[in-house]
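**Q** Data file final26.txt (compact mmCIF, C-alpha atoms and all ligand atoms) is appended below.
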```txt
# COMPACT_ATOMS: atom_id res chain seq x y z
CA MET A 1 0.00 0.00 0.00
CA SER A 2 1.46 3.34 -1.03
CA ASP A 3 0.01 6.79 -1.52
CA PRO A 4 0.94 9.64 -3.92
CA THR A 5 0.99 12.18 -1.10
CA TRP A 6 3.46 10.04 0.90
CA GLU A 7 5.64 9.76 -2.21
CA ALA A 8 5.52 13.53 -2.79
CA VAL A 9 6.68 14.16 0.77
CA ASP A 10 9.53 11.65 0.39
CA ALA A 11 10.56 13.46 -2.81
CA TYR A 12 10.47 16.79 -0.97
CA ILE A 13 12.60 15.44 1.90
CA GLY A 14 14.94 13.77 -0.55
CA ASP A 15 15.57 16.99 -2.45
CA LEU A 16 15.84 19.16 0.63
CA LEU A 17 17.78 17.05 3.14
CA VAL A 18 19.23 13.95 1.52
CA ASN A 19 20.58 14.81 -1.92
CA GLU A 20 21.75 11.39 -3.06
CA ASP A 21 25.07 11.67 -4.85
CA ASP A 22 26.00 9.96 -8.14
CA ASP A 23 27.34 6.83 -6.42
CA LEU A 24 24.06 6.26 -4.57
CA ARG A 25 22.02 6.99 -7.69
CA ALA A 26 24.19 4.52 -9.61
CA VAL A 27 23.17 1.79 -7.16
CA HIS A 28 19.52 2.08 -8.19
CA GLU A 29 20.53 1.84 -11.86
CA ALA A 30 22.90 -1.10 -11.38
CA ASN A 31 20.37 -2.95 -9.22
CA ALA A 32 17.63 -2.48 -11.81
CA ALA A 33 19.98 -3.55 -14.61
CA GLY A 34 20.91 -6.64 -12.58
CA GLY A 35 17.29 -7.56 -11.95
CA LEU A 36 17.44 -6.98 -8.18
CA PRO A 37 14.13 -6.13 -6.49
CA ALA A 38 13.72 -2.44 -5.58
CA ILE A 39 13.33 -3.12 -1.86
CA ASP A 40 16.33 -1.16 -0.57
CA VAL A 41 15.70 1.42 2.12
CA ALA A 42 14.45 4.76 0.75
CA PRO A 43 16.99 7.61 0.46
CA ASN A 44 15.67 9.40 3.56
CA GLN A 45 15.81 6.09 5.44
CA GLY A 46 19.38 5.46 4.30
CA LYS A 47 20.35 8.88 5.60
CA PHE A 48 18.50 8.08 8.83
CA LEU A 49 20.59 4.92 9.30
CA HIS A 50 23.73 6.90 8.49
CA LEU A 51 22.89 9.50 11.13
CA LEU A 52 22.05 6.84 13.74
CA ALA A 53 25.45 5.24 13.14
CA ARG A 54 27.21 8.58 13.45
CA ILE A 55 25.28 9.53 16.59
CA ALA A 56 26.32 6.18 18.09
CA GLY A 57 29.93 6.83 17.06
CA ALA A 58 29.84 3.42 15.34
CA ARG A 59 33.11 2.06 13.96
CA THR A 60 31.96 -1.52 13.42
CA VAL A 61 28.60 -2.29 11.82
CA LEU A 62 26.91 -5.60 11.06
CA GLU A 63 24.23 -5.65 8.39
CA ILE A 64 22.04 -8.69 7.78
CA GLY A 65 20.61 -8.44 4.22
CA THR A 66 22.79 -6.62 1.67
CA LEU A 67 20.82 -6.64 -1.59
CA GLY A 68 22.81 -4.23 -3.82
CA GLY A 69 24.53 -2.50 -0.92
CA TYR A 70 22.49 0.70 -0.91
CA SER A 71 22.01 0.79 2.88
CA THR A 72 25.53 -0.63 3.19
CA ILE A 73 27.02 2.47 1.52
CA TRP A 74 25.14 4.79 3.89
CA LEU A 75 26.45 2.79 6.87
CA ALA A 76 29.99 2.52 5.45
CA ARG A 77 30.14 6.29 5.03
CA ALA A 78 29.15 6.66 8.68
CA VAL A 79 31.92 4.44 10.09
CA GLY A 80 34.62 6.38 8.25
CA PRO A 81 37.77 5.14 6.50
CA GLN A 82 39.05 3.31 9.61
CA GLY A 83 35.67 1.61 10.20
CA ARG A 84 34.39 -1.82 9.22
CA VAL A 85 31.05 -3.03 7.88
CA VAL A 86 30.29 -6.73 7.62
CA THR A 87 27.18 -7.39 5.53
CA LEU A 88 25.53 -10.78 5.08
CA GLU A 89 23.77 -11.78 1.85
CA PHE A 90 22.22 -15.07 0.78
CA ALA A 91 22.05 -14.52 -3.01
CA PRO A 92 25.45 -14.68 -4.78
CA HIS A 93 24.19 -12.45 -7.58
CA HIS A 94 23.03 -9.78 -5.12
CA ALA A 95 26.43 -9.93 -3.43
CA GLU A 96 28.21 -9.53 -6.77
CA VAL A 97 26.14 -6.47 -7.72
CA ALA A 98 26.70 -5.09 -4.22
CA ARG A 99 30.48 -5.50 -4.40
CA ALA A 100 30.57 -3.52 -7.67
CA ASN A 101 28.34 -0.82 -6.16
CA LEU A 102 30.52 -0.61 -3.03
CA GLU A 103 33.71 -0.35 -5.11
CA ARG A 104 32.22 2.40 -7.27
CA ALA A 105 31.26 4.30 -4.13
CA GLY A 106 34.84 4.03 -2.83
CA VAL A 107 33.97 2.03 0.31
CA GLY A 108 34.90 -1.45 -0.92
CA ASP A 109 37.96 -1.60 1.33
CA ARG A 110 35.93 -1.10 4.53
CA VAL A 111 33.07 -3.49 3.68
CA GLU A 112 33.10 -7.27 3.73
CA VAL A 113 30.20 -9.05 2.01
CA ARG A 114 29.74 -12.59 3.34
CA VAL A 115 27.67 -14.84 1.10
CA GLY A 116 25.37 -17.49 2.51
CA ARG A 117 22.31 -17.84 4.70
CA ALA A 118 22.80 -15.45 7.59
CA ILE A 119 21.97 -18.20 10.05
CA ASP A 120 25.06 -20.02 8.70
CA THR A 121 27.39 -17.03 8.29
CA LEU A 122 26.65 -15.41 11.68
CA PRO A 123 28.57 -18.16 13.52
CA THR A 124 31.54 -17.57 11.19
CA VAL A 125 31.46 -13.85 12.00
CA GLU A 126 31.55 -14.78 15.69
CA ALA A 127 34.32 -17.34 15.17
CA ASP A 128 36.44 -14.78 13.32
CA GLY A 129 36.09 -12.37 16.23
CA VAL A 130 35.12 -9.41 14.04
CA GLY A 131 32.84 -7.87 16.68
CA PRO A 132 31.65 -6.60 18.99
CA PHE A 133 29.54 -4.50 16.66
CA ASP A 134 28.51 -0.98 17.58
CA LEU A 135 25.39 -1.12 15.40
CA VAL A 136 23.48 -4.01 13.85
CA PHE A 137 21.01 -3.42 10.99
CA ILE A 138 18.61 -6.31 10.40
CA ASP A 139 17.02 -6.33 6.93
CA ALA A 140 17.03 -9.88 5.48
CA ASP A 141 14.35 -12.59 5.35
CA LYS A 142 11.60 -11.65 7.79
CA LYS A 143 11.14 -15.23 9.03
CA GLY A 144 14.62 -15.12 10.51
CA THR A 145 14.08 -11.92 12.47
CA ALA A 146 13.91 -13.42 15.97
CA GLU A 147 17.16 -15.31 15.44
CA TYR A 148 18.83 -12.20 14.01
CA VAL A 149 17.82 -10.12 17.04
CA ARG A 150 19.32 -12.81 19.29
CA TRP A 151 22.52 -12.74 17.23
CA ALA A 152 22.66 -8.94 17.44
CA VAL A 153 22.79 -9.22 21.24
CA ARG A 154 25.36 -12.01 21.06
CA LEU A 155 27.65 -10.04 18.71
CA GLY A 156 27.07 -6.71 20.45
CA ARG A 157 28.11 -5.15 23.76
CA PRO A 158 26.35 -2.83 26.20
CA GLY A 159 25.42 0.22 24.13
CA THR A 160 25.12 -1.56 20.78
CA VAL A 161 22.33 -0.10 18.65
CA VAL A 162 20.01 -2.60 16.95
CA VAL A 163 17.85 -1.38 14.06
CA LEU A 164 15.21 -3.59 12.47
CA ASP A 165 13.72 -2.65 9.08
CA ASN A 166 10.16 -3.56 8.12
CA ALA A 167 9.00 -3.63 11.72
CA ILE A 168 5.39 -2.76 10.84
CA TRP A 169 4.89 -4.68 7.56
CA ASP A 170 1.77 -2.80 6.38
CA GLY A 171 0.30 -3.03 9.87
CA ALA A 172 0.21 -6.82 9.70
CA VAL A 173 2.54 -7.03 12.69
CA ALA A 174 -0.33 -5.99 14.99
CA ASP A 175 -2.99 -8.07 13.23
CA ARG A 176 -3.76 -10.92 15.62
CA ASP A 177 -5.41 -12.86 12.75
CA SER A 178 -2.47 -12.57 10.38
CA THR A 179 -1.12 -15.84 9.03
CA ASP A 180 1.49 -14.11 6.82
CA PRO A 181 4.76 -15.87 7.70
CA ASP A 182 6.73 -12.64 7.18
CA ALA A 183 4.46 -10.70 9.57
CA LEU A 184 4.72 -13.50 12.11
CA GLY A 185 8.50 -13.47 11.68
CA VAL A 186 8.76 -9.74 12.32
CA ARG A 187 6.43 -10.04 15.32
CA ALA A 188 8.61 -12.80 16.75
CA GLY A 189 11.60 -10.45 16.43
CA LEU A 190 9.75 -7.66 18.25
CA GLU A 191 8.81 -10.14 20.98
CA VAL A 192 12.48 -11.00 21.49
CA MET A 193 13.16 -7.26 21.81
CA ALA A 194 10.37 -7.07 24.41
CA GLN A 195 11.37 -10.13 26.40
CA ASP A 196 15.16 -10.16 26.38
CA PRO A 197 16.23 -8.19 29.47
CA ARG A 198 19.42 -7.15 27.64
CA LEU A 199 17.38 -5.11 25.11
CA ASP A 200 15.44 -1.89 25.58
CA ALA A 201 13.37 -1.15 22.48
CA THR A 202 10.70 0.83 20.68
CA ALA A 203 9.28 0.90 17.16
CA ILE A 204 8.26 3.78 14.92
CA GLN A 205 5.77 3.58 12.04
CA THR A 206 6.73 5.20 8.74
CA VAL A 207 4.95 6.06 5.51
CA GLY A 208 6.62 7.01 2.25
CA VAL A 209 7.72 5.57 -1.08
CA LYS A 210 7.86 2.14 0.54
CA GLY A 211 4.29 2.36 1.80
CA TRP A 212 3.34 1.81 5.44
CA ASP A 213 6.16 0.24 7.42
CA GLY A 214 8.62 1.21 10.14
CA PHE A 215 11.78 0.64 12.13
CA ALA A 216 12.31 -0.97 15.49
CA LEU A 217 15.18 0.45 17.50
CA ALA A 218 16.84 -1.19 20.47
CA VAL A 219 19.90 -0.71 22.64
CA VAL A 220 21.81 -3.53 24.31
CA THR A 221 21.88 -2.78 28.05
N1 LIG B 1 19.53 -3.69 3.25
C1 LIG B 1 19.29 -3.60 1.82
C2 LIG B 1 18.04 -4.33 1.41
C3 LIG B 1 18.03 -5.80 1.77
S1 LIG B 1 16.74 -6.69 0.95
C4 LIG B 1 19.15 -2.12 1.45
O1 LIG B 1 18.40 -1.41 2.12
O2 LIG B 1 19.79 -1.67 0.48
C5 LIG B 1 16.88 -8.24 1.71
C6 LIG B 1 18.10 -9.05 1.26
O3 LIG B 1 18.22 -10.15 2.17
C7 LIG B 1 17.98 -9.65 -0.15
O4 LIG B 1 19.09 -9.32 -0.94
C8 LIG B 1 17.92 -11.14 0.10
O5 LIG B 1 18.57 -11.92 -0.90
C9 LIG B 1 18.65 -11.26 1.42
N2 LIG B 1 18.32 -12.49 2.16
C10 LIG B 1 17.17 -13.20 2.13
N3 LIG B 1 17.25 -14.25 2.94
C11 LIG B 1 18.49 -14.21 3.50
C12 LIG B 1 19.17 -15.05 4.42
N4 LIG B 1 18.61 -16.13 4.93
N5 LIG B 1 20.44 -14.70 4.77
C13 LIG B 1 21.02 -13.59 4.27
N6 LIG B 1 20.41 -12.77 3.38
C14 LIG B 1 19.17 -13.07 3.01
C1 LIG B 2 10.65 -6.58 1.22
C2 LIG B 2 11.80 -6.72 1.98
C3 LIG B 2 12.34 -5.60 2.59
O1 LIG B 2 13.46 -5.66 3.34
C4 LIG B 2 11.75 -4.36 2.43
O2 LIG B 2 12.32 -3.30 3.06
C5 LIG B 2 10.60 -4.23 1.67
C6 LIG B 2 10.04 -5.35 1.07
C7 LIG B 2 10.06 -7.78 0.58
O3 LIG B 2 10.63 -8.87 0.76
O4 LIG B 2 9.04 -7.65 -0.07
MG MG B 3 13.86 -3.84 4.36
```
Please go through the file and, once you have read it, give me the structure as structure tokens.
Ligand code: SAH
Ligand code: DHB
Ligand code: MG

**A**
Amino acid sequence: MSDPTWEAVDAYIGDLLVNEDDDLRAVHEANAAGGLPAIDVAPNQGKFLHLLARIAGARTVLEIGTLGGYSTIWLARAVGPQGRVVTLEFAPHHAEVARANLERAGVGDRVEVRVGRAIDTLPTVEADGVGPFDLVFIDADKKGTAEYVRWAVRLGRPGTVVVLDNAIWDGAVADRDSTDPDALGVRAGLEVMAQDPRLDATAIQTVGVKGWDGFALAVVT
């Protein structure tokens, strides 16, 4: 569900406050040319993630769900040249498009794309001792959300920021009758945020070019 007035406001915000540069614009073109779905975060959302990472002073970021690396570039710019982003992607073709996009944007040297199911690559990230991560952005398959929230705590430290995309899922997350496996997956992730005493969380609804959705935000205590 989208709405022309929501899209007009996103365009207004994009022009006024975000101003995507050529490297970010090129991601949309390369993703479309490569047949990737246009489900990356919106420009104003990418900037939002970037600002959250800067506010947190993040130097190490874990992203679960790379696609073409659009959100990855926003996060990589936030950690600076000495920072590290590890981003996990299941589809080899998505990872290949992402690597080219990251190189073009000049952040290839600070980003590692790990290919595989996140549930399989997360233990390798732990084994390699890359963390603890200052910020974790969860944006992969929605059915895995609860496990990804648990991994964010495991690979974080007190103060780690956890951001979950698609936390509202067209309102389905609060629909007690929903049988949509994605909605149930997101809800399970929110329930982990509610129940795990090491997390303090909220969620914010959003409307815009991506319709009605939102972010959940948590801090590891
Ligand atoms: N964060 C990206 C969008 C990610 S879209 C951006 O805003 O630019 C979700 C991505 O998660 C897709 O590329 C999909 O292939 C990937 N994905 C799906 N299931 C996955 C899994 N089990 N492990 C890792 N990645 C997965
Ligand atoms: C879908 C996935 C996303 O991460 C998103 O932000 C929007 C849509 C999807 O799978 O449809
Ligand atoms: Mg998403």

**Q** Could you give me the axis-aligned bounding box of ligand LIG 1 (chain B), with 6 Å of padding per side, as centre plus edge lengths in Å to one decimal, as JSON?

**A**
```
{"center_x": 18.9, "center_y": -8.8, "center_z": 2.0, "size_x": 16.3, "size_y": 26.7, "size_z": 17.9}
```

**Q** Can you list, as a list in words, every protein, DNA or RNA residue that comes within 12 Å of Asp180 of chain A when you count only C-alpha atoms, leaving out same-chain residues fewer than 5 positions away?

**A**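 Listing them by chain and then by number gives Lys142, Lys143, Trp169, Asp170, Gly171, Ala172, Val173, Ala174, Asp175, Gly185, Val186 and Arg187 of chain A.
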
**Q** Enter the distance from atom CA of Leu16 of chain A to atom CA of Leu51 of chain A, in Å, rounded to one decimal.

**A**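 Distance between the two atoms: 15.9 Å.
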
**Q** If you count all atoms listed in the file, which residues end up within 7 Å of ligand LIG 1 (chain B), as a PyMOL selection string?

**A** chain A and resi 39-41+64-72+88-91+94+116-119+139-141+144

**Q** Skip Ile73 of chain A itself and residues of its chain fewer than 5 positions away, then list as an MDAnalysis selection string all residues within 8 Å of it, counting only C-alpha atoms.

**A** chainID A and resid 24 102 105 107

**Q** Tell me which of A:Asn44, A:Thr221, A:Thr60, A:Asn31 sits closest to Val130 of chain A, counting all atoms listed in the file.

**A**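 Residue with the minimum atom-to-atom distance to Val130 of chain A: A:Thr60.
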
**Q** Hey, can you check how far atom CA of Ile13 of chain A sits from atom CA of Leu62 of chain A?

**A**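 Computed distance, atom CA of Ile13 of chain A to atom CA of Leu62 of chain A, equals 27.0 Å.
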
**Q** At a cut-off of 12 Å around the point (22.7, 2.7, -12.2) (file coordinates), what residues fall inside when counting all atoms listed in the file? I'd like the answer as a count of residues only.

**A** 24

**Q** What does the structure give for the distance between atom CA of Val111 of chain A and atom CA of Trp74 of chain A, in Å to one decimal?

**A** 11.5 Å

**Q** Find the residues around Ala194 of chain A up to 12 Å (all atoms listed in the file counted), leave out those fewer than 4 positions away in its own chain, and share them as a VMD selection string.

**A** chain A and resid 146 149 to 150 187 to 190 198 to 203 216 to 220

**Q** Do you know which residues are at most 12 Å from Val207 of chain A counting only C-alpha atoms, after dropping those on the same chain fewer than 3 positions away, and could you put them as a PDB file with C-alpha atoms, keeping the file's coordinate frame?

**A**
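Result written to selection_9.pdb:
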```pdb
ATOM      1  CA  MET A   1       0.000   0.000   0.000  1.00  0.00           C
ATOM      2  CA  SER A   2       1.460   3.340  -1.030  1.00  0.00           C
ATOM      3  CA  ASP A   3       0.010   6.790  -1.520  1.00  0.00           C
ATOM      4  CA  PRO A   4       0.940   9.640  -3.920  1.00  0.00           C
ATOM      5  CA  THR A   5       0.990  12.180  -1.100  1.00  0.00           C
ATOM      6  CA  TRP A   6       3.460  10.040   0.900  1.00  0.00           C
ATOM      7  CA  GLU A   7       5.640   9.760  -2.210  1.00  0.00           C
ATOM      8  CA  ALA A   8       5.520  13.530  -2.790  1.00  0.00           C
ATOM      9  CA  VAL A   9       6.680  14.160   0.770  1.00  0.00           C
ATOM     10  CA  ASP A  10       9.530  11.650   0.390  1.00  0.00           C
ATOM     11  CA  ALA A  42      14.450   4.760   0.750  1.00  0.00           C
ATOM     12  CA  ASN A  44      15.670   9.400   3.560  1.00  0.00           C
ATOM     13  CA  GLN A  45      15.810   6.090   5.440  1.00  0.00           C
ATOM     14  CA  ASN A 166      10.160  -3.560   8.120  1.00  0.00           C
ATOM     15  CA  ILE A 168       5.390  -2.760  10.840  1.00  0.00           C
ATOM     16  CA  TRP A 169       4.890  -4.680   7.560  1.00  0.00           C
ATOM     17  CA  ASP A 170       1.770  -2.800   6.380  1.00  0.00           C
ATOM     18  CA  GLY A 171       0.300  -3.030   9.870  1.00  0.00           C
ATOM     19  CA  ILE A 204       8.260   3.780  14.920  1.00  0.00           C
ATOM     20  CA  LYS A 210       7.860   2.140   0.540  1.00  0.00           C
ATOM     21  CA  GLY A 211       4.290   2.360   1.800  1.00  0.00           C
ATOM     22  CA  TRP A 212       3.340   1.810   5.440  1.00  0.00           C
ATOM     23  CA  ASP A 213       6.160   0.240   7.420  1.00  0.00           C
ATOM     24  CA  GLY A 214       8.620   1.210  10.140  1.00  0.00           C
ATOM     25  CA  PHE A 215      11.780   0.640  12.130  1.00  0.00           C
TER      26      PHE A 215
END
```

**Q** So, counting all atoms listed in the file, which residue among A:Gly14, A:Leu164, A:Gln205, A:Pro43 is closest to ligand MG 3 (chain B)?

**A**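 Counting all atoms listed in the file, the residue closest to ligand MG 3 (chain B) is A:Leu164.
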
**Q** Residues at most 10 Å from segment 78-81 of chain A, counting all atoms listed in the file, excluding those fewer than 4 positions away in the same chain, as number ranges by chain?

**A** A: 47, 49-61, 72-74, 85, 106-107, 109-110, 134

**Q** Pick from A:Leu184, A:Leu155, A:Val162, A:Ala38: nearest to ligand MG 3 (chain B), with all atoms listed in the file counted?

**A**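 Closest candidate: A:Ala38.
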
**Q** Find the residue from A:Gln195, A:Thr145, A:Thr160, A:Ser178 that sits nearest to ligand LIG 2 (chain B); use all atoms listed in the file when measuring.

**A**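 Comparing A:Gln195, A:Thr145, A:Thr160, A:Ser178 against ligand LIG 2 (chain B), the winner is A:Thr145.
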
**Q** Pick from A:Trp151, A:Val18, A:Gly46, A:Leu135: nearest to ligand LIG 2 (chain B), with only C-alpha atoms and all ligand atoms counted?

**A**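 The shortest atom-to-atom distance to ligand LIG 2 (chain B) comes from A:Gly46.
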
**Q** May I ask which of the residues A:Asp15, A:Glu191, A:Glu63, A:Asp128 is the closest one to ligand LIG 2 (chain B), counting only C-alpha atoms and all ligand atoms?

**A** A:Glu63
